[in-house]
>>> print(open('final15.tsv').read())   # TSV, C-alpha atoms
chain	number	residue	atom	x	y	z
A	1	MET	CA	56.18	100.44	-15.66
A	2	LYS	CA	54.90	99.23	-12.29
A	3	ALA	CA	54.91	95.45	-11.99
A	4	SER	CA	51.59	93.66	-11.65
A	5	THR	CA	51.30	91.43	-8.61
A	6	THR	CA	48.51	89.29	-10.09
A	7	HIS	CA	48.98	89.04	-13.88
A	8	LEU	CA	52.12	88.12	-15.81
A	9	VAL	CA	53.06	87.42	-19.42
A	10	LEU	CA	54.37	83.89	-19.95
A	11	ILE	CA	56.35	83.04	-23.10
A	12	PRO	CA	57.12	79.35	-23.79
A	13	SER	CA	60.12	79.24	-26.11
A	14	TYR	CA	61.91	76.58	-28.13
A	15	ASN	CA	64.66	77.56	-30.58
A	16	PRO	CA	63.04	80.78	-31.85
A	17	GLY	CA	66.35	82.44	-32.71
A	18	ARG	CA	66.67	86.22	-32.42
A	19	LYS	CA	62.92	86.55	-32.82
A	20	LEU	CA	62.71	85.80	-29.09
A	21	LEU	CA	64.49	89.08	-28.26
A	22	GLU	CA	62.13	91.04	-30.50
A	23	THR	CA	59.10	89.40	-28.88
A	24	VAL	CA	60.40	89.96	-25.35
A	25	ASP	CA	61.33	93.58	-26.01
A	26	ALA	CA	57.90	94.25	-27.51
A	27	ALA	CA	56.10	92.54	-24.63
A	28	ARG	CA	58.07	94.53	-22.06
A	29	GLN	CA	56.82	97.76	-23.62
A	30	TYR	CA	53.30	96.74	-22.61
A	31	TRP	CA	53.63	94.65	-19.46
A	32	ASN	CA	55.62	93.93	-16.33
A	33	PRO	CA	56.54	91.19	-15.51
A	34	VAL	CA	57.38	89.01	-18.51
A	35	TRP	CA	58.66	85.46	-17.96
A	36	VAL	CA	60.25	83.24	-20.59
A	37	VAL	CA	60.28	79.45	-20.22
A	38	ALA	CA	63.07	78.04	-22.39
A	39	ASP	CA	61.94	74.53	-23.31
A	40	GLY	CA	65.37	72.96	-23.82
A	41	SER	CA	66.44	75.54	-26.43
A	42	THR	CA	69.78	74.84	-28.11
A	43	ASP	CA	69.98	77.76	-30.57
A	44	GLY	CA	71.63	80.27	-28.24
A	45	SER	CA	68.45	82.33	-27.82
A	46	THR	CA	68.49	82.02	-24.03
A	47	GLU	CA	72.08	83.24	-23.92
A	48	LEU	CA	71.07	86.27	-25.97
A	49	LEU	CA	68.31	86.92	-23.46
A	50	ALA	CA	70.70	86.85	-20.49
A	51	ALA	CA	72.00	90.36	-21.23
A	52	ARG	CA	68.45	91.72	-21.21
A	53	ILE	CA	67.66	90.06	-17.89
A	54	ALA	CA	70.75	91.52	-16.23
A	55	LYS	CA	69.41	95.02	-16.93
A	56	ASP	CA	65.66	94.42	-16.54
A	57	SER	CA	64.09	93.36	-13.25
A	58	GLY	CA	60.78	92.81	-15.05
A	59	LEU	CA	62.21	89.89	-17.01
A	60	ARG	CA	62.72	86.34	-15.77
A	61	LEU	CA	63.99	83.20	-17.47
A	62	LEU	CA	63.08	79.63	-16.50
A	63	GLN	CA	65.17	76.98	-18.22
A	64	LEU	CA	63.98	73.40	-18.66
A	65	PRO	CA	66.71	70.76	-19.07
A	66	GLY	CA	65.24	69.28	-22.27
A	67	ASN	CA	62.55	69.82	-24.85
A	68	ARG	CA	59.28	68.67	-23.24
A	69	GLY	CA	56.69	70.48	-25.39
A	70	LYS	CA	54.73	73.71	-25.26
A	71	GLY	CA	52.23	72.52	-22.67
A	72	ALA	CA	54.97	71.25	-20.37
A	73	ALA	CA	56.75	74.61	-20.65
A	74	VAL	CA	53.55	76.51	-19.82
A	75	LEU	CA	52.90	74.17	-16.89
A	76	ALA	CA	56.38	74.81	-15.47
A	77	GLY	CA	55.77	78.55	-15.74
A	78	LEU	CA	52.32	78.32	-14.15
A	79	GLU	CA	53.67	76.37	-11.19
A	80	GLU	CA	56.37	78.98	-10.59
A	81	ALA	CA	53.88	81.80	-11.04
A	82	ALA	CA	51.42	80.30	-8.56
A	83	ALA	CA	54.21	79.84	-6.02
A	84	ALA	CA	55.06	83.53	-6.45
A	85	GLY	CA	51.45	84.56	-5.81
A	86	TYR	CA	50.26	85.31	-9.36
A	87	THR	CA	46.66	84.49	-10.24
A	88	HIS	CA	46.58	84.90	-14.04
A	89	ALA	CA	48.96	84.35	-16.95
A	90	LEU	CA	48.81	85.60	-20.53
A	91	THR	CA	50.49	83.08	-22.82
A	92	LEU	CA	52.39	84.52	-25.76
A	93	ASP	CA	54.26	82.66	-28.49
A	94	ALA	CA	57.93	83.54	-28.92
A	95	ASP	CA	57.84	83.61	-32.73
A	96	GLY	CA	56.37	87.07	-33.25
A	97	GLN	CA	52.94	85.98	-34.52
A	98	HIS	CA	50.90	87.29	-31.60
A	99	PRO	CA	49.76	90.94	-31.20
A	100	VAL	CA	51.74	92.14	-28.18
A	101	ALA	CA	50.10	95.58	-28.36
A	102	LEU	CA	46.87	93.93	-27.19
A	103	ILE	CA	48.40	92.66	-23.94
A	104	PRO	CA	46.97	95.56	-21.85
A	105	GLU	CA	43.50	95.09	-23.36
A	106	PHE	CA	43.48	91.34	-22.62
A	107	MET	CA	44.80	91.89	-19.10
A	108	ALA	CA	42.15	94.54	-18.44
A	109	ALA	CA	39.44	92.13	-19.60
A	110	SER	CA	40.82	89.51	-17.23
A	111	ARG	CA	40.80	91.92	-14.33
A	112	ARG	CA	37.17	92.75	-15.02
A	113	ARG	CA	36.26	89.06	-15.18
A	114	PRO	CA	38.91	87.20	-13.13
A	115	GLU	CA	36.87	83.98	-13.14
A	116	ALA	CA	37.01	83.79	-16.97
A	117	MET	CA	39.60	82.84	-19.57
A	118	ILE	CA	40.23	85.52	-22.17
A	119	LEU	CA	40.66	83.85	-25.57
A	120	GLY	CA	42.18	85.51	-28.61
A	121	LEU	CA	39.96	85.23	-31.68
A	122	PRO	CA	42.42	85.31	-34.60
A	123	VAL	CA	41.97	87.73	-37.47
A	124	PHE	CA	43.94	86.34	-40.42
A	125	GLY	CA	45.64	88.39	-43.10
A	126	GLU	CA	46.18	87.42	-46.71
A	127	GLN	CA	49.57	85.90	-45.88
A	128	ALA	CA	48.04	83.24	-43.63
A	129	PRO	CA	48.54	79.71	-45.08
A	130	ARG	CA	45.17	78.48	-46.30
A	131	VAL	CA	45.84	74.93	-45.10
A	132	ARG	CA	46.40	76.20	-41.56
A	133	VAL	CA	43.23	78.31	-41.61
A	134	ARG	CA	41.08	75.45	-42.95
A	135	GLY	CA	42.63	72.97	-40.53
A	136	ARG	CA	41.80	75.02	-37.48
A	137	ARG	CA	38.15	75.19	-38.54
A	138	ILE	CA	38.00	71.43	-38.08
A	139	SER	CA	39.56	71.64	-34.62
A	140	ASN	CA	37.17	74.46	-33.68
A	141	LEU	CA	34.17	72.39	-34.76
A	142	TRP	CA	35.24	69.48	-32.59
A	143	ALA	CA	35.94	71.74	-29.62
A	144	ASN	CA	32.43	73.20	-29.93
A	145	ILE	CA	30.90	69.73	-30.11
A	146	GLU	CA	32.87	68.65	-27.03
A	147	THR	CA	31.62	71.66	-25.04
A	148	LEU	CA	28.13	72.02	-26.57
A	149	TRP	CA	29.10	75.40	-28.01
A	150	SER	CA	30.08	76.90	-24.66
A	151	GLY	CA	31.87	79.87	-26.21
A	152	ILE	CA	35.28	78.79	-27.51
A	153	GLY	CA	35.78	81.09	-30.49
A	154	ASP	CA	39.09	79.53	-31.54
A	155	SER	CA	40.55	76.41	-29.96
A	156	LEU	CA	44.12	76.72	-31.25
A	157	PHE	CA	45.12	80.36	-30.87
A	158	GLY	CA	47.58	80.58	-27.99
A	159	PHE	CA	47.26	84.30	-27.19
A	160	ARG	CA	45.15	83.97	-24.04
A	161	VAL	CA	44.81	84.87	-20.38
A	162	TYR	CA	44.29	81.87	-18.12
A	163	PRO	CA	43.22	81.82	-14.48
A	164	ILE	CA	46.15	79.88	-13.07
A	165	GLN	CA	44.65	77.75	-10.29
A	166	PRO	CA	41.85	76.06	-12.32
A	167	LEU	CA	44.31	75.21	-15.09
A	168	LEU	CA	46.87	73.82	-12.66
A	169	ARG	CA	44.22	71.59	-11.07
A	170	ILE	CA	43.19	70.26	-14.47
A	171	MET	CA	46.75	69.57	-15.64
A	172	SER	CA	47.78	67.89	-12.40
A	173	ARG	CA	45.05	65.25	-12.80
A	174	GLN	CA	46.06	63.83	-16.19
A	175	PRO	CA	49.17	63.38	-18.38
A	176	TRP	CA	47.92	65.10	-21.54
A	177	MET	CA	48.17	68.76	-22.66
A	178	ARG	CA	51.96	68.71	-22.67
A	179	ARG	CA	52.70	69.42	-26.37
A	180	PHE	CA	50.73	71.01	-29.22
A	181	ASP	CA	47.55	69.58	-27.72
A	182	PHE	CA	47.82	72.11	-24.88
A	183	ASP	CA	45.86	75.06	-26.28
A	184	PRO	CA	42.71	73.26	-27.48
A	185	GLU	CA	42.51	70.84	-24.57
A	186	ALA	CA	43.03	73.62	-22.02
A	187	ALA	CA	40.11	75.58	-23.45
A	188	VAL	CA	37.81	72.53	-23.58
A	189	ARG	CA	38.61	71.31	-20.08
A	190	LEU	CA	38.31	74.76	-18.54
A	191	CYS	CA	34.86	75.03	-20.14
A	192	TRP	CA	33.96	71.66	-18.64
A	193	HIS	CA	34.97	72.98	-15.23
A	194	GLY	CA	32.74	76.02	-15.51
A	195	VAL	CA	35.32	78.64	-16.51
A	196	PRO	CA	33.55	81.02	-18.92
A	197	ALA	CA	35.22	82.04	-22.18
A	198	ILE	CA	35.47	85.64	-23.34
A	199	ASN	CA	36.64	86.06	-26.95
A	200	LEU	CA	38.50	89.14	-28.14
A	201	PRO	CA	39.65	89.69	-31.74
A	202	ALA	CA	43.40	89.61	-32.32
A	203	PRO	CA	45.32	89.92	-35.61
A	204	VAL	CA	47.80	87.16	-36.50
A	205	ARG	CA	51.09	87.55	-38.36
A	206	TYR	CA	52.53	84.61	-40.27
A	207	LEU	CA	56.19	85.45	-40.79
A	208	SER	CA	58.26	84.09	-43.66
A	209	ALA	CA	61.66	82.51	-43.10
A	210	THR	CA	63.34	85.70	-44.36
A	211	GLU	CA	61.44	87.65	-41.69
A	212	GLY	CA	62.73	85.29	-39.00
A	213	GLY	CA	59.61	83.16	-38.82
A	214	VAL	CA	60.07	79.82	-37.05
A	215	SER	CA	57.54	77.00	-36.77
A	216	HIS	CA	57.98	73.70	-34.97
A	217	PHE	CA	54.57	72.39	-35.99
A	218	HIS	CA	55.00	69.03	-37.75
A	219	TYR	CA	51.98	68.47	-39.99
A	220	GLY	CA	51.99	64.68	-39.78
A	221	ARG	CA	52.99	64.11	-36.16
A	222	ASP	CA	51.08	66.99	-34.61
A	223	ASN	CA	47.90	66.50	-36.61
A	224	LEU	CA	47.88	62.89	-35.39
A	225	LEU	CA	48.35	64.19	-31.86
A	226	LEU	CA	45.41	66.58	-32.26
A	227	THR	CA	43.24	63.86	-33.80
A	228	PHE	CA	43.95	61.54	-30.88
A	229	MET	CA	43.19	64.40	-28.49
A	230	HIS	CA	39.78	65.06	-30.04
A	231	VAL	CA	38.91	61.35	-29.97
A	232	ARG	CA	39.68	61.34	-26.23
A	233	LEU	CA	37.72	64.54	-25.60
A	234	VAL	CA	34.67	63.42	-27.59
A	235	LEU	CA	34.51	60.16	-25.66
A	236	GLU	CA	34.90	61.95	-22.34
A	237	SER	CA	32.31	64.56	-23.33
A	238	LEU	CA	29.76	61.75	-23.71
A	239	LEU	CA	30.32	60.88	-20.06
A	240	ARG	CA	29.92	64.55	-19.15
A	241	LEU	CA	26.87	65.04	-21.36
A	242	PRO	CA	24.23	65.34	-18.56
A	243	GLY	CA	26.20	68.08	-16.82
A	244	LEU	CA	26.95	69.84	-20.11
A	245	LEU	CA	23.28	69.79	-21.04
A	246	ILE	CA	22.26	71.22	-17.67
A	247	ARG	CA	24.82	74.02	-18.04
A	248	TRP	CA	23.74	74.68	-21.64
A	249	LEU	CA	20.07	74.87	-20.66
A	250	SER	CA	20.91	77.15	-17.72
A	251	GLY	CA	22.81	79.44	-20.05
A	252	ARG	CA	19.86	79.65	-22.46
A	253	ALA	CA	17.55	80.43	-19.57
>>> encode(input="final15.tsv", output="structure tokens")
Amino acid sequence: MKASTTHLVLIPSYNPGRKLLETVDAARQYWNPVWVVADGSTDGSTELLAARIAKDSGLRLLQLPGNRGKGAAVLAGLEEAAAAGYTHALTLDADGQHPVALIPEFMAASRRRPEAMILGLPVFGEQAPRVRVRGRRISNLWANIETLWSGIGDSLFGFRVYPIQPLLRIMSRQPWMRRFDFDPEAAVRLCWHGVPAINLPAPVRYLSATEGGVSHFHYGRDNLLLTFMHVRLVLESLLRLPGLLIRWLSGRA
């Protein structure tokens, strides 16, 4: 497969076990290049990946010295990608939940609308934990309030294509978006900066422990983090309200 010079797949990874190899192998069937950012992994998964990289020029591994959080891992990858001349990055979780077969479709949508972010709109199966599905409805409501319903279909789903430069500018100006708050805050702030959202449906797999499923989401700690994030964003959205209203009225016109 010929390597893209503009769009790459970026996989932030923290202790996903052998599931990382499955995810990388699947992604490489559909795209070139694929980069993995190991966020201080200590489970040997990066060592397992080394053999793949030695035989595959379309794979690259970036290793961070310690666990900094998903957003920090994505930021490190975006900085490297921008330095290498890439303009867009599709973020893909390492745990096997995201639909890698849709990578070409999402990349094609991004190429048609390079100014936009392409957001996965999750389609949940029966195995999806009800508490997770209900919880994200709350986050989605707040994200829509913060952006005056500017088009964010799902604020938490991390299967997305981002235009790199706008996101780098946003992240360089403030210290947030470094952990599990990355996905929702990135979508909200990109909307604030005039980046349109295009939503495409994408099925989600929730894997059991016997299937190799790994989750580092801590219900208490990370829900507090997300609550604090939405408090910040609501307050800031009040300051941005005149501009948001003008954009909303222009869109209706």
>>> atom_distance(input="final15.tsv", atom1="atom CA of A:Pro99", atom2="atom CA of A:Ser57")
23.1 Å
>>> residues_around(input="final15.tsv", residues="stretch 78-90 of chain A", least_positions_apart="6", cutoff="10 Å", atoms="all atoms listed in the file", output="number ranges by chain")
A: 4-11, 34-35, 62, 72, 103, 106-107, 110-111, 114-115, 117-119, 158-168
>>> write_last_selection(input="final15.tsv", atoms="C-alpha atoms", output="mmCIF file, keeping the file's coordinate frame")
data_model
loop_
_atom_site.group_PDB
_atom_site.id
_atom_site.type_symbol
_atom_site.label_atom_id
_atom_site.label_comp_id
_atom_site.auth_asym_id
_atom_site.auth_seq_id
_atom_site.Cartn_x
_atom_site.Cartn_y
_atom_site.Cartn_z
ATOM 1 C CA SER A 4 51.590 93.660 -11.650
ATOM 2 C CA THR A 5 51.300 91.430 -8.610
ATOM 3 C CA THR A 6 48.510 89.290 -10.090
ATOM 4 C CA HIS A 7 48.980 89.040 -13.880
ATOM 5 C CA LEU A 8 52.120 88.120 -15.810
ATOM 6 C CA VAL A 9 53.060 87.420 -19.420
ATOM 7 C CA LEU A 10 54.370 83.890 -19.950
ATOM 8 C CA ILE A 11 56.350 83.040 -23.100
ATOM 9 C CA VAL A 34 57.380 89.010 -18.510
ATOM 10 C CA TRP A 35 58.660 85.460 -17.960
ATOM 11 C CA LEU A 62 63.080 79.630 -16.500
ATOM 12 C CA ALA A 72 54.970 71.250 -20.370
ATOM 13 C CA ILE A 103 48.400 92.660 -23.940
ATOM 14 C CA PHE A 106 43.480 91.340 -22.620
ATOM 15 C CA MET A 107 44.800 91.890 -19.100
ATOM 16 C CA SER A 110 40.820 89.510 -17.230
ATOM 17 C CA ARG A 111 40.800 91.920 -14.330
ATOM 18 C CA PRO A 114 38.910 87.200 -13.130
ATOM 19 C CA GLU A 115 36.870 83.980 -13.140
ATOM 20 C CA MET A 117 39.600 82.840 -19.570
ATOM 21 C CA ILE A 118 40.230 85.520 -22.170
ATOM 22 C CA LEU A 119 40.660 83.850 -25.570
ATOM 23 C CA GLY A 158 47.580 80.580 -27.990
ATOM 24 C CA PHE A 159 47.260 84.300 -27.190
ATOM 25 C CA ARG A 160 45.150 83.970 -24.040
ATOM 26 C CA VAL A 161 44.810 84.870 -20.380
ATOM 27 C CA TYR A 162 44.290 81.870 -18.120
ATOM 28 C CA PRO A 163 43.220 81.820 -14.480
ATOM 29 C CA ILE A 164 46.150 79.880 -13.070
ATOM 30 C CA GLN A 165 44.650 77.750 -10.290
ATOM 31 C CA PRO A 166 41.850 76.060 -12.320
ATOM 32 C CA LEU A 167 44.310 75.210 -15.090
ATOM 33 C CA LEU A 168 46.870 73.820 -12.660
#
>>> closest_atom_pairs(input="final15.tsv", of="stretch 141-202 of chain A", to="stretch 228-245 of chain A", cutoff="8 Å", atoms="all atoms listed in the file", output="CSV")
residue,atom,partner,partner_atom,distance
A:Trp142,CA,A:His230,CA,6.8
A:Ala143,CA,A:His230,CA,7.7
A:Ile145,CA,A:Val234,CA,7.8
A:Glu146,CA,A:Ser237,CA,5.5
A:Thr147,CA,A:Leu244,CA,7.0
A:Leu148,CA,A:Leu244,CA,6.9
A:Asp181,CA,A:Met229,CA,6.8
A:Glu185,CA,A:Met229,CA,7.6
A:Trp192,CA,A:Leu244,CA,7.4
>>> residues_around(input="final15.tsv", residues="A:Val100", least_positions_apart="5", cutoff="12 Å", atoms="all atoms listed in the file", output="PyMOL selection string")
chain A and resi 9-11+22-31+34+90-95+105-107+120+159-160+202-205
>>> atom_distance(input="final15.tsv", atom1="atom CA of A:Gln63", atom2="atom CA of A:Pro175")
21.0 Å
>>> closest_residue(input="final15.tsv", among="A:Leu226, A:Leu121, A:Ala116, A:Ala76", to="A:Phe157", atoms="only C-alpha atoms")
A:Leu121
>>> atom_distance(input="final15.tsv", atom1="atom CA of A:Arg68", atom2="atom CA of A:Ser41")
10.4 Å
>>> residues_around(input="final15.tsv", residues="A:Ile138", least_positions_apart="2", cutoff="12 Å", atoms="only C-alpha atoms", output="list in words")
Val131, Arg132, Val133, Arg134, Gly135, Arg136, Asn140, Leu141, Trp142, Ala143, Asn144, Ile145, Asp154, Ser155, Leu156, Pro184, Asn223, Leu226, Thr227 and His230 of chain A
>>> residues_around(input="final15.tsv", residues="A:Trp176", least_positions_apart="2", cutoff="10 Å", atoms="only C-alpha atoms", output="PDB file with C-alpha atoms, keeping the file's coordinate frame")
ATOM      1  CA  GLY A  71      52.230  72.520 -22.670  1.00  0.00           C
ATOM      2  CA  ALA A  72      54.970  71.250 -20.370  1.00  0.00           C
ATOM      3  CA  ILE A 170      43.190  70.260 -14.470  1.00  0.00           C
ATOM      4  CA  MET A 171      46.750  69.570 -15.640  1.00  0.00           C
ATOM      5  CA  SER A 172      47.780  67.890 -12.400  1.00  0.00           C
ATOM      6  CA  ARG A 173      45.050  65.250 -12.800  1.00  0.00           C
ATOM      7  CA  GLN A 174      46.060  63.830 -16.190  1.00  0.00           C
ATOM      8  CA  ARG A 178      51.960  68.710 -22.670  1.00  0.00           C
ATOM      9  CA  ARG A 179      52.700  69.420 -26.370  1.00  0.00           C
ATOM     10  CA  ASP A 181      47.550  69.580 -27.720  1.00  0.00           C
ATOM     11  CA  PHE A 182      47.820  72.110 -24.880  1.00  0.00           C
ATOM     12  CA  GLU A 185      42.510  70.840 -24.570  1.00  0.00           C
ATOM     13  CA  ALA A 186      43.030  73.620 -22.020  1.00  0.00           C
ATOM     14  CA  MET A 229      43.190  64.400 -28.490  1.00  0.00           C
TER      15      MET A 229
END
>>> closest_residue(input="final15.tsv", among="A:Gly151, A:Pro104, A:Pro65, A:Pro196", to="A:Val37", atoms="all atoms listed in the file")
A:Pro65
>>> axis_aligned_box(input="final15.tsv", around="stretch 139-154 of chain A", padding_each_side="8 Å", output="AutoDock Vina command-line options")
--center_x 33.8 --center_y 74.9 --center_z -29.7 --size_x 27.4 --size_y 28.4 --size_z 26.1
